[in-house]
Amino acid sequence: MKKNLTIETLASLCKRRGFIFQSSELYGGINGFWDYGPLGCELKNNVKAAWWKHVVQCREDMVGLDATIIMHPAIWKASGHADGFADPMVDCKVCRKRFRADQLCEEQNLELIKTETGVALPEGAKCPACGSKDLTEPRSFNLMFKTFVGPVEDATNQAWLRPETAQAIFVQFNNILATSRQKVPFGVAQMGKSFRNEINPRNYTFRSREFEQMEIEFFIRPDEAVELICGRVTTLADNPDLTSPPQESWGWEVWHRYWVEQRLAWYRSIGLPADSLTLYWQVGDELAHYARTCVDIEYAFPFGIQELEGIAARGDFDLTQHQLHSGKPMEVFDEALKQAADKLEPAEREAFADKVAAQWVAENKSETDARAFVGNLFKGKYLPHVVEPSAGTDRLALALLCNAYDEETLTDDKGKTDTRTVMRFHPAIAPIKLGVFPLVKNKPELYAKAREIFMQLQRRWNCFWDESGAIGRRYRRMDEAGTPWCATIDFQTLEDGTVTLRDRDSMQQERLTLEELIDKINREIT
RNA sequence: GCGAGCGUAGCUCAGUGGUAGAGCUCCACCUUGCCAAGGUGGCUGUCGUGGGUUCAAAUCCCAUCGCUCGCUCCA
C-alpha cells in the first residue's frame, strides 16, 4: 500500500484515464470548473444512485425533490444568502494580507460603517498583522452568481443561481407535506448543481464554482412537542441505541447524532474506511448563529483534512424565515400533539407553559414568544425543527478517487519488479464492473463465444470489452480504471461454458460458470 | 482579487536566441494458452494564448488565460 499520494499524481491519472478533465480545456480552461469524463461520470452517477437509494428509497420516512437552479430572488433574501453571503474584505497595502472587514472591526472594538453601496472602515482601523493603517476600502465579494430572467437586464429581472440546493426544500415544504402523505418526523432529499463564485477555487475539484450537492432536510418535532406527546425527551445522556429504528421520544440532539451515524455508515458502505474519516464538532464562533450544533465529516485528502459533509441542527430558523418573508404559514398540525395537549388539566398546561417560558428566558429568548409557541403547541401546531446533512458530491467523488488510488510493487518469476497502479474502488461505485476479454483474438470460435458472453453481461452491468494486447496488459488497464473483475474467455469456455474470473485486488483467478459469476457480482455490488 | 512560482505530445519531462526531442501511453498488423513493456509500422505539438524586440523567439519583454502555494473560503 502506497499512501503518500499527491493530488498531482491523482490528477494526472484522472486525466489520462478519463475520470476528470478541466472544463473548456480546448479554449484554455476556465478557473473553478471541471468535467467528468467517461469513467468519472460513471463513478459520480454510481455515488448519487447509492446515496439516493440509501436515504430515500430504503426509508419510509424520506421523499425526494428536484427543484430548479434559478428560483425567486426573494428566497435568498429570506435565507440570508443575499446579504450574509457577501463578505466585505480589506487588503493591507503594506504587508499584503487580507482580512474580513467585519472581523477586523470586531477585534479592534470598532464599528463598521454602513454606507449606501456597502460598508466602510471606521477611523483608526489598522492591519491586525503589521499594524499599518494603509488598508484598501472594503470590497464586497458576493458568492452568488447573478443572472437575469427574461430579455431585459435590469434590477427587477435579476436572479441568482442557487448557492445550495437546500432552500428549495423549505420553500416547497407545504406542497411536499400536502402530497407525500408524510408526517413529522420525516425528511426530504435533493441532489443537484449549486454555484458559488468562489474567490479562489483550490485543490483540484475540491473547491469549484459549479458543484453538486446531496442534501437532506429532516424535519422533527420541537423538543417541547416531544415532551407533551411522550412525557419525556430522550437525550444523548440517556445513551440511546442509534442503530435501532428512530424512536418517538428522541429529542433534536439524538436525531442529530442519529444522522451523523447514518451518514458515517453510508460512507463506510461505499468503501471509505472508518479511520479515513474524522468528525469535527464546530464550536463557538464557527457555528452559524442559527445552528444549535454542526458536525463536519472530514476526509484526509492529500492536501489536508477537509470537509465532505456538514450535519447541522438548524432549529426552526429556515421555516421561520420563509414564513416571515412569504407571509404564508409554514406550521404543521400534529394530531398526536393535539390529543396529548387535550388530555392535560388547566393547571398542568400552565405549569408546562411556565417551564418552557423559564427555559427560553434562560436562553435569552423572549417570554412572549415562548408563551405564543406553547399556545400553538396546545393547538397541535408548530414549525418543525430540522437536521440538515449536506454533502458535497464532487468532494466525495474526489475522496473516493484518493482512497482508491494505490501503487503496488510486483516481482515476477525472473525477479524483475514493476509497479502496478490500481484504483481499489468499492464494487458498488466502480465505473466499470467487469472487463470481458477473449484470451486470444485470432481464434474465431473463441472470439465469437467471448462476444456472445460480453453482449449478454453488458445488459446487466457496465462492462468493458478489450481484445488488444497481451492478457496481462488488459488486466493492468482495467486496474487503473478500478474495474473489480475481469472475465477471460478461453478454450475451456468452449467446452464447459466456464470462464476465468480475475480479481482486481488479489489478482487471484477462479473458474466460474456464468451463473456463478452473475451471482457473485450481483452480491458484491449491492 | 493580492503576492510568489509554473505552463513544451494523451502522461512524465529534456531542450536558455539558429531546422521541436525522449520515455511511457495510444492505434494497426503479427505474435501471445492468464498478469504490462516481443516484432513491424503509425498518429499526436502553430512550445498555453495574443502582441512586441530581433535577420531569427519554446528561449528575451508586455498582456492575458490556466495551474500550484499563501491570504481567503468551507458543500
# chains A, B, ... in the order shown; residues from 1 in each chain; ligands from 1

$ residues_around --residues "G21 (chain B)" --least-positions-apart "6" --cutoff "10 Å" --atoms "only C-alpha atoms (C1' of nucleotides)" --output "ChimeraX atom specification"
/B:8,14-15

$ write_last_selection --atoms "N, CA, C and O atoms (P, O5', C5', C4', C3', O3' and C1' of nucleotides)" --output "PDB file, in the first residue's frame"
ATOM      1  P     U B   8       3.518  22.379 -20.414  1.00  0.00           P
ATOM      2  O5'   U B   8       4.432  22.649 -21.676  1.00  0.00           O
ATOM      3  C5'   U B   8       3.869  23.154 -22.869  1.00  0.00           C
ATOM      4  C4'   U B   8       4.665  22.689 -24.049  1.00  0.00           C
ATOM      5  C3'   U B   8       4.735  21.183 -24.238  1.00  0.00           C
ATOM      6  O3'   U B   8       3.570  20.658 -24.850  1.00  0.00           O
ATOM      7  C1'   U B   8       6.902  22.066 -24.422  1.00  0.00           C
ATOM      8  P     A B  14      12.341  19.226 -16.911  1.00  0.00           P
ATOM      9  O5'   A B  14      13.182  18.839 -18.211  1.00  0.00           O
ATOM     10  C5'   A B  14      14.357  18.060 -18.074  1.00  0.00           C
ATOM     11  C4'   A B  14      15.015  17.784 -19.401  1.00  0.00           C
ATOM     12  C3'   A B  14      15.560  18.974 -20.192  1.00  0.00           C
ATOM     13  O3'   A B  14      16.719  19.539 -19.615  1.00  0.00           O
ATOM     14  C1'   A B  14      14.626  17.369 -21.644  1.00  0.00           C
ATOM     15  P     G B  15      16.936  21.135 -19.601  1.00  0.00           P
ATOM     16  O5'   G B  15      16.897  21.509 -21.147  1.00  0.00           O
ATOM     17  C5'   G B  15      18.061  21.314 -21.961  1.00  0.00           C
ATOM     18  C4'   G B  15      17.693  21.480 -23.414  1.00  0.00           C
ATOM     19  C3'   G B  15      17.379  22.912 -23.866  1.00  0.00           C
ATOM     20  O3'   G B  15      18.560  23.613 -24.209  1.00  0.00           O
ATOM     21  C1'   G B  15      15.697  21.438 -24.657  1.00  0.00           C
TER      22        G B  15
END

$ interface_residues --of "chain A" --to "chain B" --cutoff "7 Å" --atoms "only C-alpha atoms (C1' of nucleotides)" --output "PDB file with N, CA, C and O atoms, in the first residue's frame"
ATOM      1  N   SER A  12      -3.211  13.556 -12.602  1.00  0.00           N
ATOM      2  CA  SER A  12      -2.613  13.023 -13.811  1.00  0.00           C
ATOM      3  C   SER A  12      -3.303  11.724 -14.246  1.00  0.00           C
ATOM      4  O   SER A  12      -3.646  11.538 -15.406  1.00  0.00           O
ATOM      5  N   ARG A  16      -5.497  11.055 -17.614  1.00  0.00           N
ATOM      6  CA  ARG A  16      -5.018  10.001 -18.506  1.00  0.00           C
ATOM      7  C   ARG A  16      -6.067   8.931 -18.740  1.00  0.00           C
ATOM      8  O   ARG A  16      -6.213   8.414 -19.850  1.00  0.00           O
ATOM      9  N   GLY A  28      -8.429  26.911 -23.336  1.00  0.00           N
ATOM     10  CA  GLY A  28      -7.538  27.413 -22.302  1.00  0.00           C
ATOM     11  C   GLY A  28      -8.038  27.184 -20.885  1.00  0.00           C
ATOM     12  O   GLY A  28      -7.380  27.560 -19.935  1.00  0.00           O
ATOM     13  N   GLY A  29      -9.203  26.557 -20.765  1.00  0.00           N
ATOM     14  CA  GLY A  29      -9.712  26.245 -19.444  1.00  0.00           C
ATOM     15  C   GLY A  29     -10.441  27.408 -18.813  1.00  0.00           C
ATOM     16  O   GLY A  29     -10.347  28.546 -19.280  1.00  0.00           O
ATOM     17  N   ILE A  30     -11.190  27.120 -17.778  1.00  0.00           N
ATOM     18  CA  ILE A  30     -11.878  28.163 -17.011  1.00  0.00           C
ATOM     19  C   ILE A  30     -11.790  27.794 -15.542  1.00  0.00           C
ATOM     20  O   ILE A  30     -12.065  26.655 -15.154  1.00  0.00           O
ATOM     21  N   ASN A  31     -11.351  28.752 -14.762  1.00  0.00           N
ATOM     22  CA  ASN A  31     -10.969  28.518 -13.375  1.00  0.00           C
ATOM     23  C   ASN A  31     -12.160  28.102 -12.510  1.00  0.00           C
ATOM     24  O   ASN A  31     -13.153  28.802 -12.436  1.00  0.00           O
ATOM     25  N   ARG A  96       0.237  43.122   2.597  1.00  0.00           N
ATOM     26  CA  ARG A  96      -0.495  42.393   1.552  1.00  0.00           C
ATOM     27  C   ARG A  96      -1.338  41.251   2.095  1.00  0.00           C
ATOM     28  O   ARG A  96      -1.685  40.325   1.386  1.00  0.00           O
ATOM     29  N   LYS A  97      -1.651  41.304   3.367  1.00  0.00           N
ATOM     30  CA  LYS A  97      -2.555  40.296   3.917  1.00  0.00           C
ATOM     31  C   LYS A  97      -4.005  40.746   3.711  1.00  0.00           C
ATOM     32  O   LYS A  97      -4.293  41.933   3.527  1.00  0.00           O
ATOM     33  N   ARG A  98      -4.895  39.800   3.774  1.00  0.00           N
ATOM     34  CA  ARG A  98      -6.314  40.102   3.537  1.00  0.00           C
ATOM     35  C   ARG A  98      -7.151  39.707   4.750  1.00  0.00           C
ATOM     36  O   ARG A  98      -6.918  38.681   5.377  1.00  0.00           O
ATOM     37  N   GLN A 213     -24.422  18.931  -4.973  1.00  0.00           N
ATOM     38  CA  GLN A 213     -24.682  18.640  -3.564  1.00  0.00           C
ATOM     39  C   GLN A 213     -25.699  17.520  -3.421  1.00  0.00           C
ATOM     40  O   GLN A 213     -26.531  17.306  -4.303  1.00  0.00           O
ATOM     41  N   GLU A 309     -18.942  16.635   4.363  1.00  0.00           N
ATOM     42  CA  GLU A 309     -20.363  16.820   4.666  1.00  0.00           C
ATOM     43  C   GLU A 309     -20.496  17.548   5.982  1.00  0.00           C
ATOM     44  O   GLU A 309     -19.720  17.315   6.897  1.00  0.00           O
ATOM     45  N   SER A 390     -25.690  17.728   4.794  1.00  0.00           N
ATOM     46  CA  SER A 390     -25.445  18.345   3.496  1.00  0.00           C
ATOM     47  C   SER A 390     -24.062  17.947   2.981  1.00  0.00           C
ATOM     48  O   SER A 390     -23.044  18.323   3.539  1.00  0.00           O
ATOM     49  N   ALA A 391     -24.057  17.172   1.885  1.00  0.00           N
ATOM     50  CA  ALA A 391     -22.799  16.582   1.410  1.00  0.00           C
ATOM     51  C   ALA A 391     -22.421  17.139   0.047  1.00  0.00           C
ATOM     52  O   ALA A 391     -23.280  17.489  -0.748  1.00  0.00           O
ATOM     53  N   GLY A 392     -21.124  17.200  -0.203  1.00  0.00           N
ATOM     54  CA  GLY A 392     -20.616  17.625  -1.500  1.00  0.00           C
ATOM     55  C   GLY A 392     -20.311  16.408  -2.365  1.00  0.00           C
ATOM     56  O   GLY A 392     -19.439  15.616  -2.042  1.00  0.00           O
ATOM     57  N   ALA A 470      -1.491  -8.151 -24.917  1.00  0.00           N
ATOM     58  CA  ALA A 470      -1.376  -9.360 -24.104  1.00  0.00           C
ATOM     59  C   ALA A 470      -2.395  -9.298 -22.974  1.00  0.00           C
ATOM     60  O   ALA A 470      -2.812  -8.222 -22.551  1.00  0.00           O
ATOM     61  N   ILE A 471      -2.777 -10.466 -22.479  1.00  0.00           N
ATOM     62  CA  ILE A 471      -3.840 -10.541 -21.477  1.00  0.00           C
ATOM     63  C   ILE A 471      -3.465  -9.770 -20.217  1.00  0.00           C
ATOM     64  O   ILE A 471      -4.279  -9.082 -19.610  1.00  0.00           O
ATOM     65  N   GLY A 472      -2.193  -9.844 -19.827  1.00  0.00           N
ATOM     66  CA  GLY A 472      -1.735  -9.151 -18.623  1.00  0.00           C
ATOM     67  C   GLY A 472      -1.876  -7.654 -18.760  1.00  0.00           C
ATOM     68  O   GLY A 472      -2.282  -6.946 -17.830  1.00  0.00           O
ATOM     69  N   ARG A 473      -1.585  -7.156 -19.933  1.00  0.00           N
ATOM     70  CA  ARG A 473      -1.731  -5.723 -20.184  1.00  0.00           C
ATOM     71  C   ARG A 473      -3.193  -5.281 -20.048  1.00  0.00           C
ATOM     72  O   ARG A 473      -3.493  -4.226 -19.510  1.00  0.00           O
ATOM     73  N   TYR A 475      -5.434  -6.708 -18.178  1.00  0.00           N
ATOM     74  CA  TYR A 475      -5.763  -6.680 -16.746  1.00  0.00           C
ATOM     75  C   TYR A 475      -5.282  -5.369 -16.117  1.00  0.00           C
ATOM     76  O   TYR A 475      -5.988  -4.738 -15.335  1.00  0.00           O
ATOM     77  N   ARG A 476      -4.059  -4.979 -16.470  1.00  0.00           N
ATOM     78  CA  ARG A 476      -3.493  -3.772 -15.854  1.00  0.00           C
ATOM     79  C   ARG A 476      -4.252  -2.517 -16.253  1.00  0.00           C
ATOM     80  O   ARG A 476      -4.397  -1.575 -15.470  1.00  0.00           O
TER      81      ARG A 476
END

$ atom_distance --atom1 "C1' of G39 (chain B)" --atom2 "CA of Arg477 (chain A)"
22.0 Å

$ select_by_dssp --residues "region 263-450 of chain A" --states "alpha helix (DSSP H)" --output "VMD selection string"
chain A and resid 263 to 269 317 to 326 335 to 342 346 to 362 367 to 378 393 to 404 444 to 450

$ residues_around --residues "His322 (chain A)" --least-positions-apart "3" --cutoff "8 Å" --atoms "only C-alpha atoms (C1' of nucleotides)" --output "PyMOL selection string"
chain A and resi 75+78-79+170-171+318-319+325-328+330

$ write_last_selection --atoms "N, CA and C atoms" --output "mmCIF file, in the first residue's frame"
data_model
loop_
_atom_site.group_PDB
_atom_site.id
_atom_site.type_symbol
_atom_site.label_atom_id
_atom_site.label_comp_id
_atom_site.auth_asym_id
_atom_site.auth_seq_id
_atom_site.Cartn_x
_atom_site.Cartn_y
_atom_site.Cartn_z
ATOM 1 N N ILE A 75 -36.167 34.347 -2.157
ATOM 2 C CA ILE A 75 -35.748 33.192 -1.353
ATOM 3 C C ILE A 75 -34.379 33.450 -0.725
ATOM 4 N N ALA A 78 -34.590 35.841 2.130
ATOM 5 C CA ALA A 78 -35.116 35.181 3.329
ATOM 6 C C ALA A 78 -34.060 34.282 3.971
ATOM 7 N N SER A 79 -33.320 33.576 3.160
ATOM 8 C CA SER A 79 -32.349 32.611 3.695
ATOM 9 C C SER A 79 -31.125 33.302 4.276
ATOM 10 N N PHE A 170 -37.225 23.861 1.833
ATOM 11 C CA PHE A 170 -38.049 24.675 2.739
ATOM 12 C C PHE A 170 -39.171 25.356 1.973
ATOM 13 N N VAL A 171 -38.819 25.875 0.809
ATOM 14 C CA VAL A 171 -39.784 26.639 0.022
ATOM 15 C C VAL A 171 -40.944 25.753 -0.441
ATOM 16 N N ASP A 318 -34.994 28.252 9.329
ATOM 17 C CA ASP A 318 -35.310 28.436 7.905
ATOM 18 C C ASP A 318 -36.810 28.577 7.659
ATOM 19 N N LEU A 319 -37.597 27.694 8.273
ATOM 20 C CA LEU A 319 -39.045 27.798 8.067
ATOM 21 C C LEU A 319 -39.569 29.108 8.651
ATOM 22 N N HIS A 325 -40.977 36.000 5.498
ATOM 23 C CA HIS A 325 -40.785 36.715 4.238
ATOM 24 C C HIS A 325 -41.905 36.471 3.244
ATOM 25 N N SER A 326 -42.474 35.268 3.261
ATOM 26 C CA SER A 326 -43.527 34.964 2.285
ATOM 27 C C SER A 326 -44.895 35.382 2.798
ATOM 28 N N GLY A 327 -44.992 35.495 4.125
ATOM 29 C CA GLY A 327 -46.295 35.795 4.712
ATOM 30 C C GLY A 327 -47.237 34.610 4.713
ATOM 31 N N LYS A 328 -46.736 33.435 4.351
ATOM 32 C CA LYS A 328 -47.579 32.232 4.320
ATOM 33 C C LYS A 328 -47.224 31.344 5.515
ATOM 34 N N MET A 330 -46.250 28.226 7.671
ATOM 35 C CA MET A 330 -45.493 27.016 7.353
ATOM 36 C C MET A 330 -45.597 26.012 8.498
#

$ residues_around --residues "region 350-361 of chain A" --least-positions-apart "4" --cutoff "12 Å" --atoms "only C-alpha atoms (C1' of nucleotides)" --output "list of chain:residue names"
A:Pro222, A:Asp223, A:Glu224, A:Ala225, A:Glu227, A:Leu228, A:Gly231, A:Ala341, A:Leu344, A:Glu345, A:Pro346, A:Lys365, A:Ser366, A:Glu367, A:Thr368, A:Asp369, A:Ala370, A:Arg371, A:Ala372, A:Phe373, A:Val374, A:Gly375, A:Asn376, A:Leu377, A:Phe378

$ residues_around --residues "C62 (chain B)" --least-positions-apart "3" --cutoff "12 Å" --atoms "only C-alpha atoms (C1' of nucleotides)" --output "NGL selection string"
:B and (50-53)

$ write_last_selection --atoms "N, CA and C atoms (P, O5', C5', C4', C3', O3' and C1' of nucleotides)" --output "mmCIF file, in the first residue's frame"
data_model
loop_
_atom_site.group_PDB
_atom_site.id
_atom_site.type_symbol
_atom_site.label_atom_id
_atom_site.label_comp_id
_atom_site.auth_asym_id
_atom_site.auth_seq_id
_atom_site.Cartn_x
_atom_site.Cartn_y
_atom_site.Cartn_z
ATOM 1 P P G B 50 -2.041 32.682 -30.668
ATOM 2 O "O5'" G B 50 -2.138 34.222 -30.262
ATOM 3 C "C5'" G B 50 -3.366 34.921 -30.422
ATOM 4 C "C4'" G B 50 -3.233 36.327 -29.893
ATOM 5 C "C3'" G B 50 -2.052 37.132 -30.435
ATOM 6 O "O3'" G B 50 -2.300 37.669 -31.706
ATOM 7 C "C1'" G B 50 -2.150 37.380 -28.093
ATOM 8 P P G B 51 -1.043 38.026 -32.655
ATOM 9 O "O5'" G B 51 -0.297 39.168 -31.829
ATOM 10 C "C5'" G B 51 -0.528 40.535 -32.126
ATOM 11 C "C4'" G B 51 0.093 41.413 -31.085
ATOM 12 C "C3'" G B 51 1.563 41.763 -31.277
ATOM 13 O "O3'" G B 51 1.781 42.726 -32.282
ATOM 14 C "C1'" G B 51 1.195 41.215 -29.024
ATOM 15 P P G B 52 3.101 42.616 -33.195
ATOM 16 O "O5'" G B 52 4.250 43.092 -32.195
ATOM 17 C "C5'" G B 52 4.219 44.423 -31.680
ATOM 18 C "C4'" G B 52 5.250 44.588 -30.598
ATOM 19 C "C3'" G B 52 6.703 44.403 -31.030
ATOM 20 O "O3'" G B 52 7.229 45.551 -31.679
ATOM 21 C "C1'" G B 52 6.319 43.257 -29.001
ATOM 22 P P U B 53 8.348 45.380 -32.790
ATOM 23 O "O5'" U B 53 9.620 44.974 -31.926
ATOM 24 C "C5'" U B 53 10.216 45.903 -31.021
ATOM 25 C "C4'" U B 53 11.425 45.290 -30.369
ATOM 26 C "C3'" U B 53 12.440 44.669 -31.326
ATOM 27 O "O3'" U B 53 13.298 45.650 -31.886
ATOM 28 C "C1'" U B 53 12.017 43.163 -29.562
#

$ closest_residue --among "A:Gln190, A:Gln262, A:Gln458, A:Thr205" --to "Lys48 (chain A)" --atoms "only C-alpha atoms"
A:Gln190

$ atom_distance --atom1 "CA of Trp281 (chain A)" --atom2 "CA of Thr293 (chain A)"
7.7 Å

$ select_by_dssp --residues "region 230-314 of chain A" --states "strand (DSSP E)" --output "list in words"
Leu277, Thr278, Leu279, Tyr280, Trp281, Thr293, Cys294, Val295, Asp296, Ile297, Glu298, Tyr299, Ala300, Phe301, Gly304, Ile305, Gln306, Glu307, Leu308, Glu309, Gly310, Ile311, Ala312, Ala313 and Arg314 of chain A

$ atom_distance --atom1 "CA of Ala404 (chain A)" --atom2 "CA of Ser24 (chain A)"
26.9 Å
